[in-house]
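Right, one structure below, let's go through it.
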Amino acid sequence: MVGLAGAHAQVSARVLAHAGRDLRGYSERQWQELRGKDIGFVLQDALVSLDPLRPVGREIEEALAAHGWGDRARRRERVLELLQQAGVPEPALRARQRPDQLSGGLRQRALIASALANAPGILIADEPTTALDATVQVQVLAALQAIKRRGGALLVISHDLALVAQLADEVVVLRHGEVVEQGPIAQVLQRPAHAYTRALLAAIPGGRGPRVATALASAEPANAPTPPLLEVRGLRKAYRGPDGEARLAVDGVDLVLQAGRTLGVVGESGSGKSSLARLILGLTEADAGEVRLNGRPWIGSAAARVSEAQRRPWRRAISAVYQDPLSSFDPRWTVARILGDALDAVGLPRAAQRARIAELLELVRLGTALADRFPLQLSGGQRQRVAIARAIATEPRLIVLDEAVSALDVSVQAQVLDLLADLQAHLGLAYLFISHDLGVIRQVSHDILVMRHGQVQEAGPAEQVFAQPRAAYTRALLAAMPRLPAPVDALRQA
């Protein structure tokens with residue numbers, strides 16, 4: 001619909017028009033004139049969409065200049081206004097930063113600011129709130145709704161039905177490239193006619209499905225007398241910004257995680273969740289504090305006195321699953337080679353690897369038929385299952401999951417969460433589960449840690465934090481949590 005399908009795509013349509021103009025025969029030059037000024041487009045992956053070598057402010061300024069928007073001084077003022085409208089804190093600082101210097105949520109908001117630069121009449125938003133926390137989603141929703149108030153049109157593509165319910169007047173449900181249901185939003189959500197629509201509604205996280213509930217109930221109680229598997233005390237990490245000023249990403253964090261349990265870590269983009277994960281995984285050096293893994297010094301001054309030869313066997317006890325498996329997979333490797341590489345790291349002989357790879361694929365419900373496929377030949381859900389298989393290949397006791405299901409649609413998300421619950425019950429795994437999605441956090445967590453500006457705002461049992469939040473910030477997060485209309489939510493839980 002915006003002329004970006006590529007030269008090799010075969011596109012046909014009975015009607016494809018904008019403001020009475022037939023777009024089917026448009027040249028690339030004509031599409032370029034239309035895009036940005038009349039039709040804005042927000043892609044899902046901001047890291048791919050933004051120029052990695054330029055500050056985001058300069059990229060937004062270029063979008064303004066391309067359509068003759070004022071002089072340079074006025075364009076720079078407008079850049080800061082747009083970043084602020086999109087919910088970017090410290091816009092003057094962020095405008096000078098490259099995409100790789102921003103968190104995922106900040107990158108997405110910078111991309112939205114760029115799309116809104118020329119106040120287009122139509123905005124096509126493909127997963128516009130992916131990886132954004134609830135409070136920032138409210139800000140982005142406000143910016144999108146402002147387009148509607150100005151008389152503009154929105155085409156929102158999303159797996160988040162609560163987001164769709166808040167923005168849309170009409171909804172189209174797609175499956176395998178075909179429309180299975182279409183109509184007014186209230187009608188489709190409250191009286192879904194198609195089985196697939198009903199399945200999507202049933203899969204929305206927030207309640208606890210039977211498998212997850214069983215896994216949570218079977219875990220050791222929080223006050224078990226056993227030593228913690230993971231213990232973090234006074235962890236601190238600062239980074240220097242482009243202005244040379246040090247900013248605390250993690251500021252005195254304490255946490256405890258028992259074996260076989262899930263600790264959910266939630267907070268807004270830039271709150272320090274991913275920085276905390278990197279510190280615990282040993283991927284970033286801490287400035288202060290310590291981390292103990294299964295009672296042994298892992299990070300900190302005591303760990304520095306332990307030789308690498310002593311530490312190496314412990315590394316098997318901790319692994320990770322990230323948001324985007326493609327960024328951590330070699331696209332030229334098959335699934336078998338990806339898993340084989342993990343098995344090489346633990347010293348499993350090549351002769352025994354094929355059987356172990358088959359076992360791992362069965363554990364994550366993929367089957368051996370996919371062993372010889374490449375990552376790009378798999379769906380998003382299948383790739384994430386391969387990432388989970390790779391994580392458990394080393395037989396860890398703790399897995400750090402950083403936004404591991406945020407890019408998946410709700411039906412696939414539900415399947416992956418069920419899989420993680422089964423693996424936890426079967427293998428006795430502990431999870432440090434990082435997410436901006438409060439519904440997911442509530443569904444999977446025994447305990448919750450709420451972070452803001454690198455500090456812990458609140459910690460406690462999951463149901464207690466959700467039912468009786470003590471911190472004002474936690475209450476603000478819960479108040480901003482996207483919700484389906486009450487009749488639809490009742491239908492979903494029925």
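Just so we're on the same page: first chain in the structure tokens is A, next is B, and so on; residues restart at 1 for each chain, and ligands are numbered from 1 in the order they show up.
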
Residues within 9 Å of stretch 283-300 of chain A, only C-alpha atoms, excluding chain neighbours under 4 positions, as a PyMOL selection string: chain A and resi 227-238+252-253+259+275+277-279+304+306+311+314+317-318

Strand (DSSP E or B) positions in stretch 199-423 of chain A, given as a PyMOL selection string: chain A and resi 205+207+230-240+246-257+262-267+288-293+296-299+318-321+398-402

For A:Arg24: contacts at 9 Å, only C-alpha atoms, fewer than 2 positions along chain excluded, given as a PyMOL selection string: chain A and resi 11-13+15-17+22+26

Take the residues that were just selected and, keeping C-alpha atoms, output them as a CSV table (one decimal), in the first residue's frame.
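Ended up saving to selection39.csv:
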chain,number,residue,atom,x,y,z
A,11,VAL,CA,1.2,-7.0,-6.5
A,12,SER,CA,-2.4,-6.9,-7.9
A,13,ALA,CA,-5.4,-5.1,-6.7
A,15,VAL,CA,-8.6,-0.9,-6.3
A,16,LEU,CA,-5.6,0.9,-4.8
A,17,ALA,CA,-6.3,4.6,-4.6
A,22,ASP,CA,-5.1,5.5,-8.8
A,26,TYR,CA,2.8,4.7,-9.7

DSSP helix (DSSP H, G or I) residues within stretch 304-475 of chain A, listed as a PyMOL selection string: chain A and resi 304+308-317+325-327+335-345+350-363+368-370+375-377+380-392+410-427+438-444+462-467+472-475

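Around A:Leu417, within 10 Å and counting only C-alpha atoms, the residues found are Pro205, Gly209, Arg211, Val212, Ala404, Val405, Val412, Gln413, Ala414, Leu420, Ala421, Asp422, Leu423, Val440, Gln443 and Val444 of chain A, once anything fewer than 3 positions away on its own chain is removed.
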
Hey, can you spit out that residue selection with C-alpha atoms as a CSV table (one decimal), in the first residue's frame?
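For reference, out11.csv as written:
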chain,number,residue,atom,x,y,z
A,205,PRO,CA,-2.0,-12.7,28.5
A,209,GLY,CA,-3.7,-20.6,31.8
A,211,ARG,CA,-0.3,-25.1,32.4
A,212,VAL,CA,1.2,-21.8,33.7
A,404,ALA,CA,11.5,-13.0,24.8
A,405,VAL,CA,7.9,-13.0,23.7
A,412,VAL,CA,2.1,-17.7,19.4
A,413,GLN,CA,3.0,-15.9,22.6
A,414,ALA,CA,0.6,-18.1,24.6
A,420,LEU,CA,8.4,-22.2,29.2
A,421,ALA,CA,6.1,-23.2,32.0
A,422,ASP,CA,6.4,-26.9,31.0
A,423,LEU,CA,10.2,-26.7,30.8
A,440,VAL,CA,2.8,-11.3,30.5
A,443,GLN,CA,0.9,-14.5,33.9
A,444,VAL,CA,4.4,-16.1,34.4

Would you tabulate, counting only C-alpha atoms, all residues of stretch 240-341 of chain A that have an atom at most 6 Å from an atom of stretch 453-471 of chain A, showing the closest pair of atoms and their distance in Å to one decimal, sorted by chain then ascending number, as CSV?
residue,atom,partner,partner_atom,distance
A:Ala249,CA,A:Gly454,CA,4.9
A:Val250,CA,A:Gly454,CA,4.1
A:Asp251,CA,A:Gly454,CA,5.0
A:Ser271,CA,A:His453,CA,4.6
A:Gly272,CA,A:Gly454,CA,4.7
